[in-house]
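Data file: target25.cif. Format and content: mmCIF, C-alpha atoms and all ligand atoms.
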```cif
data_coords
#
loop_
_atom_site.label_atom_id
_atom_site.label_comp_id
_atom_site.auth_asym_id
_atom_site.auth_seq_id
_atom_site.Cartn_x
_atom_site.Cartn_y
_atom_site.Cartn_z
CA MET P 19 11.29 -15.73 -12.72
CA GLU P 20 9.74 -12.79 -10.87
CA LYS P 21 6.01 -12.60 -11.44
CA ASN P 22 4.26 -9.32 -11.68
CA VAL P 23 0.60 -9.96 -12.35
CA ILE P 24 -1.74 -7.31 -11.03
CA ILE P 25 -4.80 -8.93 -9.52
CA LYS P 26 -7.63 -6.65 -8.51
CA TYR P 27 -9.99 -7.32 -5.62
CA GLU P 28 -12.81 -7.28 -8.18
CA ASP P 29 -11.15 -10.23 -9.99
CA ILE P 30 -10.82 -12.15 -6.71
CA LEU P 31 -14.55 -11.59 -6.06
CA LYS P 32 -15.29 -13.44 -9.34
CA ASN P 33 -13.01 -16.38 -8.48
CA LYS P 34 -15.18 -19.49 -8.06
CA GLU P 35 -12.52 -21.50 -6.20
CA ILE P 36 -12.21 -18.88 -3.45
CA ALA P 37 -15.99 -18.45 -3.25
CA THR P 38 -16.29 -22.21 -2.72
CA TYR P 39 -13.80 -22.17 0.16
CA ILE P 40 -15.61 -19.24 1.78
CA SER P 41 -18.98 -20.95 1.64
CA LYS P 42 -17.67 -24.37 2.71
CA ALA P 43 -15.76 -22.80 5.62
CA ASP P 44 -18.94 -20.99 6.65
CA LEU P 45 -20.94 -24.22 6.45
CA SER P 46 -18.55 -25.99 8.79
CA LEU P 47 -18.72 -23.07 11.25
CA GLU P 48 -22.52 -23.18 11.02
CA SER P 49 -22.47 -26.85 12.00
CA MET P 50 -20.36 -25.91 15.04
CA GLY P 51 -22.83 -23.20 16.07
CA TYR P 52 -20.69 -20.19 15.13
CA THR P 53 -22.12 -16.90 13.90
CA ASP P 54 -22.17 -15.95 10.21
CA HIS P 55 -18.78 -16.04 8.46
CA SER P 56 -20.18 -16.04 4.93
CA ALA P 57 -19.38 -13.80 1.96
CA CYS P 58 -21.45 -11.18 3.78
CA HIS P 59 -18.92 -11.04 6.67
CA VAL P 60 -15.80 -11.04 4.51
CA THR P 61 -17.03 -8.51 1.92
CA LYS P 62 -18.09 -6.23 4.77
CA CYS P 63 -14.58 -6.54 6.22
CA ALA P 64 -13.12 -5.70 2.79
CA GLU P 65 -15.29 -2.59 2.66
CA VAL P 66 -14.14 -1.41 6.11
CA VAL P 67 -10.48 -2.15 5.28
CA LYS P 68 -10.86 0.02 2.18
CA GLN P 69 -12.45 2.83 4.22
CA ILE P 70 -9.67 2.77 6.83
CA LEU P 71 -6.76 2.64 4.38
CA THR P 72 -8.32 5.21 2.04
CA THR P 73 -9.07 7.67 4.84
CA PHE P 74 -5.51 7.55 6.13
CA ASP P 75 -3.98 7.90 2.65
CA TYR P 76 -2.43 4.47 2.18
CA SER P 77 -1.50 3.49 -1.39
CA SER P 78 -3.98 2.01 -3.84
CA ARG P 79 -1.79 -1.11 -3.85
CA ASP P 80 -2.18 -1.54 -0.07
CA ILE P 81 -5.93 -0.89 -0.33
CA ASN P 82 -6.30 -3.56 -3.03
CA LEU P 83 -4.20 -6.11 -1.10
CA GLY P 84 -6.10 -5.28 2.09
CA GLN P 85 -9.42 -6.00 0.38
CA ILE P 86 -8.08 -9.29 -1.01
CA ALA P 87 -6.80 -10.32 2.45
CA ALA P 88 -10.13 -9.38 4.05
CA TYR P 89 -12.11 -11.39 1.50
CA MET P 90 -9.92 -14.48 2.03
CA HIS P 91 -9.18 -14.11 5.75
CA ASP P 92 -11.49 -16.86 7.05
CA ILE P 93 -11.02 -19.57 4.39
CA GLY P 94 -8.83 -21.59 6.79
CA ASN P 95 -11.98 -22.49 8.71
CA VAL P 96 -12.59 -25.04 5.95
CA ILE P 97 -9.69 -27.02 7.47
CA ASN P 98 -10.38 -26.41 11.16
CA ARG P 99 -11.45 -23.51 13.38
CA HIS P 100 -8.28 -24.03 15.39
CA ASN P 101 -5.34 -22.21 13.73
CA HIS P 102 -7.64 -21.08 10.90
CA ALA P 103 -5.65 -17.86 10.43
CA GLN P 104 -2.43 -19.74 9.68
CA THR P 105 -4.00 -22.49 7.56
CA GLY P 106 -5.96 -19.83 5.65
CA ALA P 107 -2.74 -17.93 4.97
CA VAL P 108 -1.16 -21.07 3.49
CA MET P 109 -4.26 -21.72 1.37
CA ALA P 110 -4.20 -18.11 0.16
CA PHE P 111 -0.51 -18.45 -0.68
CA ARG P 112 -1.20 -21.39 -3.00
CA ILE P 113 -4.19 -19.75 -4.67
CA LEU P 114 -2.53 -16.37 -5.21
CA ASP P 115 0.77 -17.95 -6.29
CA ASN P 116 -1.12 -19.95 -8.92
CA LEU P 117 -2.84 -16.77 -10.09
CA GLY P 118 0.60 -15.21 -10.60
CA LEU P 119 0.65 -12.54 -7.88
CA SER P 120 4.15 -11.31 -7.01
CA SER P 121 5.88 -12.68 -3.92
CA GLU P 122 5.92 -9.20 -2.38
CA ASP P 123 2.16 -8.82 -2.69
CA ILE P 124 1.50 -12.40 -1.54
CA ALA P 125 3.65 -11.69 1.52
CA THR P 126 1.43 -8.72 2.45
CA VAL P 127 -1.77 -10.76 2.07
CA VAL P 128 -0.58 -13.83 4.01
CA ASN P 129 0.92 -11.60 6.72
CA ALA P 130 -2.54 -10.11 7.27
CA ILE P 131 -4.52 -13.37 7.08
CA GLY P 132 -2.09 -15.24 9.34
CA ASN P 133 -2.27 -12.50 11.98
CA HIS P 134 -5.99 -11.66 12.10
CA ASP P 135 -7.00 -13.95 14.98
CA GLU P 136 -7.14 -12.56 18.52
CA HIS P 137 -5.40 -15.58 20.05
CA ASP P 138 -2.05 -15.13 18.35
CA GLY P 139 -2.34 -12.34 15.80
CA PHE P 140 -0.32 -9.14 15.79
CA PRO P 141 -0.69 -5.99 13.65
CA VAL P 142 2.56 -6.63 11.81
CA ASN P 143 1.87 -4.04 9.10
CA ASN P 144 -0.73 -1.48 8.00
CA VAL P 145 -2.81 -3.93 5.98
CA THR P 146 -2.93 -6.40 8.88
CA ALA P 147 -3.92 -3.64 11.32
CA ALA P 148 -6.79 -2.55 9.05
CA LEU P 149 -7.99 -6.17 8.68
CA ILE P 150 -7.95 -6.70 12.45
CA LEU P 151 -10.05 -3.56 12.99
CA ALA P 152 -12.53 -4.53 10.27
CA ASP P 153 -12.90 -8.13 11.45
CA LYS P 154 -13.14 -7.53 15.19
CA THR P 155 -15.71 -4.75 14.86
CA ASP P 156 -18.15 -6.85 12.80
CA VAL P 157 -20.70 -7.51 15.51
CA ARG P 158 -24.35 -7.31 14.47
CA ARG P 159 -27.73 -8.96 14.80
CA SER P 160 -27.65 -10.37 11.26
CA ARG P 161 -24.63 -12.56 12.16
CA VAL P 162 -26.90 -14.71 14.34
CA ARG P 163 -28.18 -17.66 12.32
CA ASN P 164 -30.60 -19.08 14.81
CA THR P 165 -32.19 -17.46 17.85
CA LYS P 166 -32.88 -20.88 19.43
CA HIS P 167 -29.64 -20.92 21.42
CA MET P 168 -29.71 -17.37 22.72
CA ASP P 169 -30.11 -18.36 26.36
CA THR P 170 -27.04 -20.57 26.37
CA ASP P 171 -24.84 -19.02 23.67
CA ILE P 172 -23.35 -15.71 24.75
CA HIS P 173 -21.99 -14.96 21.24
CA ASP P 174 -25.44 -15.31 19.71
CA ARG P 175 -26.97 -13.26 22.49
CA VAL P 176 -24.47 -10.39 22.25
CA ASN P 177 -24.53 -10.26 18.46
CA TYR P 178 -28.33 -10.37 18.49
CA ALA P 179 -28.45 -7.54 21.02
CA VAL P 180 -26.54 -5.22 18.64
CA LYS P 181 -29.33 -3.31 16.95
CA GLU P 182 -26.99 -0.89 15.25
CA ASN P 183 -23.29 -0.94 14.41
CA LYS P 184 -21.60 2.14 13.01
CA ILE P 185 -17.92 2.73 12.34
CA ASP P 186 -16.89 6.38 12.31
CA ILE P 187 -13.46 7.13 10.90
CA ASP P 188 -12.22 10.64 11.60
CA LYS P 189 -9.23 11.62 9.50
CA GLU P 190 -8.54 14.91 11.27
CA ASN P 191 -8.57 13.52 14.81
CA ARG P 192 -7.12 10.19 13.68
CA THR P 193 -9.77 8.11 15.43
CA LEU P 194 -11.82 5.05 14.57
CA THR P 195 -14.96 4.80 16.68
CA LEU P 196 -17.12 1.70 16.93
CA ARG P 197 -20.60 2.89 17.92
CA LEU P 198 -22.97 0.17 19.04
CA THR P 199 -26.60 0.36 20.00
CA LEU P 200 -27.09 -2.58 22.32
CA ASP P 201 -30.49 -3.80 23.48
CA THR P 202 -29.81 -4.27 27.20
CA GLU P 203 -33.10 -6.15 27.58
CA ILE P 204 -31.43 -8.94 25.60
CA THR P 205 -27.99 -8.77 27.17
CA PRO P 206 -26.15 -6.52 29.66
CA ILE P 207 -23.14 -4.51 28.42
CA MET P 208 -20.95 -6.70 30.68
CA ASP P 209 -21.72 -9.69 28.43
CA TYR P 210 -20.30 -7.73 25.52
CA PHE P 211 -17.07 -7.18 27.41
CA GLU P 212 -16.91 -10.77 28.56
CA ILE P 213 -16.54 -12.02 25.03
CA PHE P 214 -15.10 -9.01 23.23
CA LEU P 215 -12.48 -7.71 25.67
CA GLN P 216 -9.66 -9.57 23.94
CA ARG P 217 -10.89 -8.40 20.54
CA MET P 218 -11.21 -4.80 21.70
CA SER P 219 -7.67 -4.91 23.08
CA MET P 220 -6.52 -6.22 19.69
CA CYS P 221 -8.34 -3.30 18.02
CA ASN P 222 -6.53 -0.93 20.36
CA ASN P 223 -3.16 -2.34 19.31
CA ALA P 224 -4.10 -2.38 15.63
CA ALA P 225 -5.17 1.27 15.82
CA LYS P 226 -1.86 2.18 17.48
CA ALA P 227 -0.01 0.47 14.63
CA LEU P 228 -1.83 2.83 12.24
CA ASN P 229 -1.06 5.76 14.52
CA ILE P 230 -4.75 6.30 15.25
CA GLN P 231 -6.94 5.88 18.34
CA PHE P 232 -9.61 3.21 18.74
CA LYS P 233 -12.77 4.25 20.59
CA LEU P 234 -15.74 2.19 21.67
CA VAL P 235 -19.10 3.82 22.32
CA ILE P 236 -22.01 1.65 23.51
CA ASN P 237 -25.43 3.26 23.89
CA GLU P 238 -23.77 6.69 23.63
CA GLN P 239 -21.42 5.96 26.52
CA GLU P 240 -17.73 6.18 25.69
CA LEU P 241 -16.18 3.05 27.17
CA LEU P 242 -12.77 3.03 25.50
FE FE P 301 -11.15 -15.45 11.59
FE FE P 302 -13.57 -12.99 10.34
#
```

Could you write out this file's structure as structure tokens?
Ligand SMILES: [Fe+2]
Ligand SMILES: [Fe+2]
Amino acid sequence: MEKNVIIKYEDILKNKEIATYISKADLSLESMGYTDHSACHVTKCAEVVKQILTTFDYSSRDINLGQIAAYMHDIGNVINRHNHAQTGAVMAFRILDNLGLSSEDIATVVNAIGNHDEHDGFPVNNVTAALILADKTDVRRSRVRNTKHMDTDIHDRVNYAVKENKIDIDKENRTLTLRLTLDTEITPIMDYFEIFLQRMSMCNNAAKALNIQFKLVINEQELL
């Protein structure tokens, strides 16, 4: 029997089961010393996905599925950090299948979740490309949980150094620009590239998949 339940992002936000997986996944990442992956990170990603897909005139269905994928994209971390994109996609499949979402819509969501990680992800469709851009550009001081390890942890140091993060989406010129204000007293710009080069290259490819250009501006200098 083909299911055809319409599930809105707003309904997913109220789902206690998903909220539990998000917070438990974040707790396990906290114990491993990772930056914030809480509801704050995933709802921010959902907001940016919505902005990207809305600006470039994608359908309301894609926007809704993109927000759902963004909200659920890191739940696989509750199983293990390694392969969390794929395990998260399988978890999302079970949850959304039980909620009655159609196989077509589930396919879009699990495609995006299973392909969001920089190690093996690929912008296989528009929703996935938007999720990659939203996830990989979320670098900010408030993701650092503890400033104790700043000397030894480059991720903490670089995130902490980002005083301002702004995403400019220009419909006319078809560009998405990540503008960062980086405190170079805390970390040199090279540190940013050391850990984010792979992610920025993934953003480049994701932008191409949406037929737009990805730009990176750090301290008013255009670097990409
Ligand atoms: Fe992730
Ligand atoms: Fe993420």

query: Excluding same-chain residues fewer than 5 positions from Leu200 of chain P, what lies within 12 Å of it counting only C-alpha atoms, as a list in words?
result: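 After dropping sequence-adjacent residues, the list is Val157, Arg158, Arg159, Arg175, Val176, Asn177, Tyr178, Ala179, Val180, Lys181, Glu182, Asn183, Lys184, Thr205, Pro206, Ile207, Met208, Asp209, Tyr210, Val235, Ile236, Asn237, Glu238 and Gln239 of chain P.
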
Contacts to ligand FE 302 (chain P) at 12 Å cut-off (only C-alpha atoms and all ligand atoms) as a count of residues only: 48

message: Just checking: using only C-alpha atoms and all ligand atoms, which residue out of P:Ile36, P:Val96, P:Ile24, P:Ile86 ends up closest to ligand FE 301 (chain P)?
response: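 For ligand FE 301 (chain P), the nearest of the given residues is P:Val96.
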
query: Which one is closest to Lys68 of chain P: P:Lys233, P:Glu122, P:Val145, P:Thr38? Count only C-alpha atoms.
result: P:Val145

task: Quote the spacing between atom CA of Lys166 of chain P and atom CA of Gly51 of chain P in Å to one decimal place.
output: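 For atom CA of Lys166 of chain P relative to atom CA of Gly51 of chain P, the distance reads 10.8 Å.
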
message: Could you tell me how far atom CA of Ser219 of chain P sits from atom CA of Phe232 of chain P, in Å to one decimal place?
response: 9.4 Å

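Candidate residues P:His173, P:Lys189, P:Phe214, P:Asn164 were compared for distance to Ser49 of chain P, and the nearest is P:Asn164, using all atoms listed in the file.
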
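You will find atom CA of Cys221 of chain P at 26.4 Å from atom CA of Ile30 of chain P.
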
message: Residues proximal to (-10.0, -5.5, -2.4) were defined as those with any atom within 7 Å of that point in the file's coordinates, counting all atoms listed in the file. Which are they, as a list in words?
response: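 Neighbouring residues, ordered by chain and number, come to Lys26, Tyr27, Glu28, Ala64, Ile81, Asn82, Leu83, Gly84, Gln85 and Ile86 of chain P.
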